[in-house]
Structure formats: structure tokens, C-alpha cells
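J.: Before I ask anything, let me first share the structure, which is written out below as C-alpha cells.
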Amino acid sequence: MGNDVDILILGAGACGLAAAIAAHDASRSVAVLEKLDRPGGNSALSTGSVPAAGTRFQREAGIADSPAAFERDLMAIAGETDDPALVRRLTAISAETVEWLVDTVGARLRLVTAYRHIGHSVSRLHAPASRRGQDLVDDLIAATDRRAIPVAVGNAARELIVENGAVCGAMVETGGRQSEVRAGKTILALNGFADNAALVARFCPEIAGAQYFGARGSTGEAVLWGERLGADLANMAAYQGYAAVAHPHGSLLSWTTIEKGGFLVGADGRRFGDESLGYSGFARIVLGQGEFAYAVFDRRIHDIAAQEEEFAELVRYSGVKTAASLAELAQFYRLDAAALGQELDAYNAAAGGRAPDRFGRRDFGLAPLVAPYHICRVVPGLFHTQGGLRVDGDARVLRNGRAIPNLFAGGGAAAGISGRAGALGYASGNGLLSAIALGRIAALAAARELDGAGA
């Protein structure tokens, strides 16, 4: 039976769209199927930041960086990983990935120098000026449109077609009817399993009680299909959390507000941990302290964060409140003003070097904080899982260490580079780097295999 397409891509987030562009440019017929009614997935909800070491944009900014330094940074926070070779591979190709995005795809990325988020020793995040992932997704979609690549939304893959141990495409449901789509190679560009409560409880129990704030549809098909195939899994307990989702707005409070010197308190007006663990690693701490937390920062920090569109929008919708005094600030959410004042005094003393911080925080950004003050009510969230199918250096899915014929994976479907377990190993942009780099190299490897087979 003949194939309908050379390369079938399941999922139309950044991973799937990048794979489609690379496959098309390698002279292969390609189709992208997306189960939801629009492309983008978690990529559209992100800040669109892709970390890369040794790019020309860094050199132009006078920033010295290298894949080896990037790898050291990732391993320093990850601690342990099931797949150090994947970390090495993705850091090695990070610069060419970003430059491909700019030069070939036409993505409007620029080096971010205003801040360095957790996990990076130098400025290496490349992002849209808006810091909105939707802008990056729009650029990827525009590139697929220019190439006339079919991206079919509302088409859900329900099962892989497997014959003699090899993957030959997928069973796809459209409008309640199922049909076969047969392909020479299949790339799983689905997201992870963060929207599947049973899988989260099974693999990531420490964050199982948090609200899920990622894209709908991240229900773990890749893991479930992979298990039925006997595929190897890796880093399954790793995830990306976010410690400060504005409530009830549902948008991210920029972590710049904390990195630049803000802090978090509970409903009792007291701090409860070392915020410098980062927005991902601190999420479980916020989850454990009560229903809500409250971010406190000052005008200088506010003005830096205001360069980010999502933060500016949150301010416009009154998600960030302002007060000339701490007592007035406490009134917004009926916090204990005396307790909050004691916390600010202790925090400012630590930031000014007059006393140690009782939670061990050492980096205080612009603190000590000064009036006027700002406050935002937040909840912790689960954004995406960082474990998945183990892949080799060309994104082939492995079974007992050997490639499953014709099957590739990237993005949330594949094992990530954020450590073996928990959220402390997540460095800013890890998810998008894994998505775009693995999507691209999966397509290139699939095309080479088809060329070798004479297909």
C-alpha cells in the first residue's frame, strides 16, 4: 500500500511547524495534523524565548558564550538526567537552530539583554520583542503558508499504524469519522501529559495538586502510544511549573518582578521560602503554603517588567495594584500589615547586607525595596511536563536503546533536558529549544532515511 505523504507530523506547535518547514525544504512531501481547532499549543502561551549559545546575535552584543558553557549551566541546575547526551546534542545545535529560525523561517527574534532568567549565566535567550510565544508561532505559520504546507486542524490522531514493528502512519479522526493516513516517516510533535491528571499523578506526584495552565490537549498520547510500543521513557518526573500565575486573570506575572528584587508572601503576610529557586522550582513551595500567594515589588522593578507586553496588559487589567505605603498595600488583600512590614524590614536588611536571609536567598536584584510598592495575587501552576519518549541524537524514538523504525519525536512528546525529576532543573526556554531543535533534526533525519531508501 502506498503512502499518502512522505512525512506525517502529529501536532502543530512550534515542534511540528519547525519539522514541517525543515521537511519541505528537504524536498519531501509533508502534512501536519492538529487535534485542536488552532495551531500553537504551549508554544503560543510561552514567552517565545529560545536559548542558544554562540549565536551571531550574542557576538554582536559582545557576549562570549559556547555550547559547553550552556551545557554546564543546564547540568548545574538539573543535577541528574537520564540522558546527558541529549543535553549535549541540543546545546551543540542551539545556535544553528536560532539562526535557522531567523534566516530561513523568518522569525522575528532578538537577543534579550534586559534580564537573564534562571539557569543561564549569560544572556542567551532569543525572543520576540513582545515576549509572546504567539508571535513566534505566527512566524512559523507564515513560513508554512509560504511553502503551501497543509496544516489540518481538528484532525486528531487516535492511534499509530504499526506493521511488523515499524510505524507506518496514524489513524486520524475528523468529524467523528476515522481514516488512515499512511506515511514513510511519522514525527510525534504532540505536547506532554500535563493535561492528563492520571499521568501527572503517576509520574509527577509532587505537583499533582496544582492547576494546569498550559494548552488544552496535552493529554499524553505520545507516552501512551510509546508504552504500547515498548518505547523507552526518560526524565518522566521532571516538569515545568510556574510559581506566580496572576489570579484571577490567568496570565503569568513576569518572574522579572521577583528576579529583580521582589518577594512572595502568603495570606499571613509572611515569606515562606527562597524565591531565587526560580519560577519553576519555586512552584511546589507556593503550592504547599496555601491557596494564594502575593508578589511584592517596587516601582523600579515594575518599570523593567513593563517592557513585557503580558505584564503591561496585566497592569491595564488591574492585576497589579499600587500603594504609596506598605500599610495601604496590605489593605488590598487584607494581609497582616504588621507582619508584612516585618518581612519587608528583614528582607531589606538581607538585601542590604546587614543580616543573612533566613531562607538563604543571596541574589536580591535591585532590593532593598522602596516606596511606592506594587502587589499581585498569584497561584502556582503546572505548565508542561519535561519527560517523554527517549530519543537519539536525530530524534528517533528508542526501544531498548534501538530506534523504532520510522518513528521520531520532539517537544513535549520527547524526553527533555530539565533533569530527571521535579522542577528545579528547568532553565528558561528549555521547552522551546527541545521543541524546535528536535522538530528540525527529526525532519532532516527522516528525509535522509527516505533518500537512502530511494523513496
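Scheme for the C-alpha cells: letters A, B, ... for chains in order shown; per-chain residue numbers from 1; ligand numbers from 1 in order shown.
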What are the closest atom pairs, with distances in Å to one decimal, for all residues of region 205-295 of chain A lying within 12 Å of region 112-129 of chain A? Consider only C-alpha atoms, order rows by chain and residue number, and present the result as CSV.
T.:
```
residue,atom,partner,partner_atom,distance
A:Ser254,CA,A:His117,CA,10.6
A:Trp255,CA,A:His117,CA,8.1
A:Thr256,CA,A:Tyr115,CA,7.4
A:Thr257,CA,A:Tyr115,CA,10.7
A:Ile258,CA,A:His117,CA,10.4
A:Glu259,CA,A:His117,CA,7.6
A:Lys260,CA,A:Tyr115,CA,8.5
A:Glu275,CA,A:Ile118,CA,10.9
A:Ser276,CA,A:Ile118,CA,8.1
A:Leu277,CA,A:Ile118,CA,7.9
A:Gly278,CA,A:Ile118,CA,5.8
A:Tyr279,CA,A:Ile118,CA,8.0
A:Ser280,CA,A:Ile118,CA,9.0
A:Gly281,CA,A:Ile118,CA,9.7
A:Phe282,CA,A:Ile118,CA,11.3
```
J.: Excluding Leu438 (chain A) and residues on its chain fewer than 3 positions from it, collect all residues at most 9 Å away from it, counting only C-alpha atoms, and give them as a list in words.
T.: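 My list of contacting residues is Cys15, Ala18, Ala19, Leu90, Gly393, Asp394, Ala395, Ala409, Gly410, Gly411, Ala414, Leu433, Ser434, Ala435, Ile441, Ala442 and Ala443 of chain A.
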J.: How far is it from CA of Ala350 (chain A) to CA of Ala295 (chain A), in Å with one decimal?
T.: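 Pair CA of Ala350 (chain A) / CA of Ala295 (chain A) returns 17.7 Å.
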J.: Just checking: using only C-alpha atoms, which residue out of A:Asp73, A:Glu291, A:Glu227, A:Glu206 ends up closest to Tyr426 (chain A)?
T.: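 Looking at the shortest contact to Tyr426 (chain A), the residue is A:Asp73.
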J.: Give the strand (DSSP E or B) residues of region 61-182 of chain A, as assigned by DSSP on the backbone, as number ranges by chain.
T.: A: 110-111, 125-127, 151-153, 156-163, 166-174, 177-182
J.: How would the residues just chosen look if you wrote them out with C-alpha atoms as a CSV table (one decimal), in the first residue's frame?
T.:
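This is the output file result.csv:
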```
chain,number,residue,atom,x,y,z
A,110,ARG,CA,16.2,39.3,19.1
A,111,LEU,CA,18.7,38.7,21.9
A,125,LEU,CA,17.5,33.9,25.3
A,126,HIS,CA,16.3,34.9,21.9
A,127,ALA,CA,12.7,36.0,21.8
A,151,VAL,CA,-1.7,22.2,8.4
A,152,ALA,CA,-5.0,20.4,9.1
A,153,VAL,CA,-6.6,21.5,12.4
A,156,ALA,CA,-6.9,14.1,16.0
A,157,ALA,CA,-4.6,11.1,15.7
A,158,ARG,CA,-6.1,8.3,17.6
A,159,GLU,CA,-3.6,5.5,17.1
A,160,LEU,CA,-0.3,4.8,15.3
A,161,ILE,CA,-0.4,2.3,12.4
A,162,VAL,CA,2.2,-0.3,13.2
A,163,GLU,CA,3.2,-3.1,10.9
A,166,ALA,CA,7.5,-0.3,12.1
A,167,VAL,CA,5.3,2.8,12.3
A,168,CYS,CA,3.5,3.4,9.0
A,169,GLY,CA,1.3,6.5,9.8
A,170,ALA,CA,-1.7,7.1,12.0
A,171,MET,CA,-5.4,6.6,12.4
A,172,VAL,CA,-7.0,10.0,12.3
A,173,GLU,CA,-10.4,11.2,13.4
A,174,THR,CA,-12.1,14.0,11.6
A,177,ARG,CA,-15.0,9.5,11.3
A,178,GLN,CA,-11.7,7.7,11.3
A,179,SER,CA,-9.4,7.1,8.4
A,180,GLU,CA,-5.8,6.0,7.7
A,181,VAL,CA,-3.0,8.4,6.9
A,182,ARG,CA,0.0,6.4,5.8
```
J.: Tell me, as an mmCIF file with all heavy atoms, in the first residue's frame, which residues lie within 6 Å of region 310-321 of chain A, counting only C-alpha atoms; anything in the same chain fewer than 2 positions away does not count.
T.:
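Heads up, here's the output in selection32.cif:
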```
data_model
loop_
_atom_site.group_PDB
_atom_site.id
_atom_site.type_symbol
_atom_site.label_atom_id
_atom_site.label_comp_id
_atom_site.auth_asym_id
_atom_site.auth_seq_id
_atom_site.Cartn_x
_atom_site.Cartn_y
_atom_site.Cartn_z
ATOM 1 N N ALA A 306 7.534 46.140 32.850
ATOM 2 C CA ALA A 306 6.559 46.746 31.948
ATOM 3 C C ALA A 306 7.010 46.723 30.491
ATOM 4 O O ALA A 306 6.202 46.992 29.589
ATOM 5 C CB ALA A 306 6.258 48.178 32.388
ATOM 6 N N GLU A 308 7.596 44.092 29.020
ATOM 7 C CA GLU A 308 6.998 42.845 28.531
ATOM 8 C C GLU A 308 5.501 43.060 28.352
ATOM 9 O O GLU A 308 4.813 43.518 29.265
ATOM 10 C CB GLU A 308 7.280 41.714 29.514
ATOM 11 C CG GLU A 308 8.768 41.507 29.786
ATOM 12 C CD GLU A 308 9.021 40.529 30.915
ATOM 13 O OE1 GLU A 308 8.241 39.561 31.070
ATOM 14 O OE2 GLU A 308 9.996 40.734 31.649
ATOM 15 N N HIS A 374 4.187 47.681 44.808
ATOM 16 C CA HIS A 374 3.186 47.011 43.971
ATOM 17 C C HIS A 374 2.940 45.614 44.525
ATOM 18 O O HIS A 374 3.830 45.004 45.126
ATOM 19 C CB HIS A 374 3.663 46.911 42.525
ATOM 20 C CG HIS A 374 3.923 48.239 41.884
ATOM 21 N ND1 HIS A 374 2.947 48.957 41.230
ATOM 22 C CD2 HIS A 374 5.043 48.996 41.819
ATOM 23 C CE1 HIS A 374 3.465 50.089 40.784
ATOM 24 N NE2 HIS A 374 4.744 50.130 41.123
ATOM 25 N N ILE A 375 1.732 45.096 44.275
ATOM 26 C CA ILE A 375 1.382 43.766 44.746
ATOM 27 C C ILE A 375 0.518 43.075 43.697
ATOM 28 O O ILE A 375 -0.256 43.725 42.986
ATOM 29 C CB ILE A 375 0.644 43.824 46.102
ATOM 30 C CG1 ILE A 375 0.544 42.433 46.734
ATOM 31 C CG2 ILE A 375 -0.731 44.472 45.973
ATOM 32 C CD1 ILE A 375 0.091 42.457 48.192
ATOM 33 N N CYS A 376 0.682 41.750 43.595
ATOM 34 C CA CYS A 376 -0.122 40.946 42.672
ATOM 35 C C CYS A 376 -0.454 39.628 43.357
ATOM 36 O O CYS A 376 0.437 38.965 43.894
ATOM 37 C CB CYS A 376 0.648 40.693 41.374
ATOM 38 S SG CYS A 376 -0.251 39.689 40.156
#
```
